[in-house]
Amino acid sequence: MNIVVCVKQVPDTATERKLRPDDKTLDRDAVDGVVNELDEYAVEEALRLKEAHGGEVTVLTMGPAKATETIRKALAMGADKAVHLSDDALHGSDALSTSYAMAQALKKIGFDLVILGSESTDARTGVLAAMLAERLGAPQLTLARKVEVNGSAIAIERITDYGYDKVEATLPAVVSVVEKINEPRYPSFKGIMAAKKKPVEALGIADASVDASAVGLAAAYSEVAEFAAAPPRAAGTIVKDEGDGGVKAADFLASKKFI
Amino acid sequence: MKFILDAEQRLFGETLHKLLAEAGTPAAIRAWAAGSHGPGLALWRSLADAGVLAVAVPESAGGAGPLPVEMVTAFHELGRHAAPGPLAESVAVAALLDRLAPEDLVVAPETVDAWLACIAEGNTVATAALPPAVPYALDADAAGLVLAVDGDELRAALPGAARVSLDPARRLFPVEGGELLARGPSVRAAAEAARDMGALATAAQLVGVGRALLDASVEYARARRQFGRPIGEFQAVKHHLADALVGLEYARPLVHGAALAHGSPDFPRDVSAAKVAASEAAYAAAKIALQVHGAIGYTDEYDPSLWIRKARALHSAWGSPSAHRARVLAALT
């Protein structure tokens with residue numbers, strides 16, 4: 001089975017994230033990049049499926065040169081090879097144009113199964129899996145907490161507010177995963193060293209047959225009009241318990257519509 | 001010379017940091033101190049899977065090393081999280097076993113190779129008494145392989161009753177020599193090499209311990225308010241924290257420098273210089289941490305106490321600063 005895992009480098013969630021004042025895009029140079037956490041679960045699931053069914057795991061990322069760190073980590077976990085889609089023309093792409101560029105790259109790579117995290121910690125749109133499936137003409141199986149492959153059949157448990165749905169489809173397909181699906185492995189020292197020798201193919205937009213006028217900030221359908229730093233958190237209210245603490249707590253919860 | 005860690009070494013260190021942070025290490029340390037090895041041994045398994053012990057065992061014997069720079073990178077993180085168990089001791093035992101001359105062996109060479117492979121894979125926890133610097137076998141009750149060197153004899157050791165340590169998570173066992181495993185001049189030389197590797201691993205651990213204490217102190221100084229402001233705004237507190245940082249930053253390159261000197265005649269001298277600097281920097285950071293934290297700093301239930309006591313114990317483990325200073329002096333004169 002030919003599995004492609006899409007991973008994204010995101011700013012470290014432990015640091016303060018900033019937008020650039022000039023074009024109002026995320027300032028990726030200002031902070032340390034880390035692998036989007038949910039994508040680690042996607043890599044783990046791809047590796048488990050490979051271990052169970054054989055095949056090959058390819059990592060695909062779209063992002064600036066710095067994103068090679070993310071590729072290196074996924075390769076150290078055990079992925080076989082990587083494709084890095086990187087081009088200045090892609091800067092500022094929104095979810096729609098990102099899905100277009102990624103879909104073009106996926107068509108070039110070829111796949112039986114595409115796995116990705118259900119959302120990124122920076123943009124948090126959570127729509128890429130659905131958009132990719134649409135563009136690739138493949139079934140979408142999103143928010144999976146369990147994935148089973150049997151020949152060319154694939155079934156997932158899709159988390160919902162009330163439990164889970166069983167969703168079945170036929171490969172090739174696009175799957176997005178949630179953090180309940182597995183426990184991502186830590187790269188071992190041997191894995192880290194082996195990753196150095198694994199092939200990383202660099203793709204520009206021309207290599208992936210991406211139309212330059214359809215990507216980037218200028219082509220984005222969504223636009224950041226304005227942004228401001230989050231206001232500092234207001235001080236909490238301290239309720240002194242004078243025998244009516246329970247009532248006051250209940251009133252507070254009721255005012256927030258929790259009860 | 002480019003004197004920074006490469007991308008792979010950094011990823012190795014970051015991975016261990018994440019692993020230890022997510023593994024609930026403080027609970028494992030407390031259990032270990034109480035003589036319950038389960039959580040600590042589970043952590044040992046994860047660390048071995050990540051390659052912590054493999055980097056100390058030669059490739060020919062089933063490891064990935066010896067890679068001293070990777071080893072100190074790992075031990076820095078082990079110190080930063082105060083990981084329990086005879087980790088430096090296992091690294092030292094690997095260095096010892098690797099250097100025994102075949103003609104000095106009483107046991108079969110295959111046995112020695114099997115021990116090395118088991119250490120690398122994490123299947124065997126090893127410890128040793130290597131007097132004079134290491135008079136007791138650390139955590140012998142949790143180890144599958146307990147060795148003792150006496151002059152030019154290497155024996156499988158029989159541990160006695162545990163002694164009290166400054167760090168309750170370090171359980172010290174006096175040993176008596178049991179079955180003879182090797183005898184000859186190579187035992188003496190191998191024990192020297194083992195003491196150097198153990199001291200280097202401990203030096204790296206100390207810098208990590210000191211770093212963790214400094215980080216905890218800085219965080220505390222930001223949060224703790226007194227006289228209407230965070231205590232970190234007071235110059236006297238700032239100076240203390242800066243002193244701790246300077247000490248640790250001066251010790252770290254000595255540790256890395258010693259790792260790079262592995263295999264050269266300067267290695268023992270450089271290890272000693274690193275151990276002196278790391279011992280003193282970590283101990284100073286511990287004293288400052290205790291003072292900055294105030295009364296809560298010596299509260300047993302509060303995690304920094306785990307590091308504070310480890311800093312004091314490791315300060316003189318694998319040779320006291322004065323013993324190592326004497327070695328540096330002897331190498332220079």
# chains A, B, ... in the order shown; residues from 1 in each chain; ligands from 1
call {"tool": "interface_residues", "arguments": {"of": "chain A", "to": "chain B", "cutoff": "7 Å", "atoms": "only C-alpha atoms", "output": "count of residues only"}}
result
7
call {"tool": "closest_atom_pairs", "arguments": {"of": "segment 82-103 of chain A", "to": "segment 202-225 of chain A", "cutoff": "7 Å", "atoms": "only C-alpha atoms", "output": "Markdown table"}}
result
| residue | atom | partner | partner_atom | distance |
| --- | --- | --- | --- | --- |
| A:Val83 | CA | A:Ala202 | CA | 5.9 |
| A:His84 | CA | A:Ala202 | CA | 4.8 |
| A:Leu85 | CA | A:Leu203 | CA | 4.7 |
| A:Ser86 | CA | A:Gly204 | CA | 5.5 |
| A:Asp87 | CA | A:Gly204 | CA | 5.3 |
| A:Ala89 | CA | A:Gly216 | CA | 5.6 |
| A:Leu90 | CA | A:Gly216 | CA | 4.5 |
| A:His91 | CA | A:Gly216 | CA | 5.1 |
| A:Gly92 | CA | A:Leu217 | CA | 4.1 |
| A:Ser93 | CA | A:Gly216 | CA | 4.1 |
| A:Asp94 | CA | A:Ala220 | CA | 5.4 |
| A:Ser97 | CA | A:Val215 | CA | 5.1 |
| A:Ala101 | CA | A:Val210 | CA | 5.9 |
call {"tool": "select_by_dssp", "arguments": {"residues": "segment 83-216 of chain A", "states": "strand (DSSP E or B)", "output": "PyMOL selection string"}}
result
chain A and resi 83-85+113-117+140-150+153-160+163-170+173-177+200-203
call {"tool": "closest_residue", "arguments": {"among": "A:Met131, A:Val5, A:Val59, A:Ala67", "to": "Asp32 of chain A", "atoms": "only C-alpha atoms"}}
result
A:Ala67
call {"tool": "closest_residue", "arguments": {"among": "A:Thr125, A:Thr237, A:Ser99, A:Ser120", "to": "Ala42 of chain A", "atoms": "only C-alpha atoms"}}
result
A:Ser120
call {"tool": "atom_distance", "arguments": {"atom1": "atom CA of Val175 of chain B", "atom2": "atom CA of Pro159 of chain B"}}
result
4.3 Å
call {"tool": "closest_residue", "arguments": {"among": "A:Pro64, A:Gly191, A:Gly110, A:Gly126", "to": "Pro172 of chain A", "atoms": "only C-alpha atoms"}}
result
A:Gly110
call {"tool": "residues_around", "arguments": {"residues": "Val276 of chain B", "least_positions_apart": "5", "cutoff": "9 Å", "atoms": "only C-alpha atoms", "output": "number ranges by chain"}}
result
B: 203, 251, 271, 281, 315, 320-325
call {"tool": "residues_around", "arguments": {"residues": "segment 77-82 of chain B", "least_positions_apart": "6", "cutoff": "7 Å", "atoms": "only C-alpha atoms", "output": "list in words"}}
result
Gly13, Leu16, His17, Leu20, Thr25, Gln205, Leu206, Gly208, Val209, Arg211, Ala212 and Trp307 of chain B
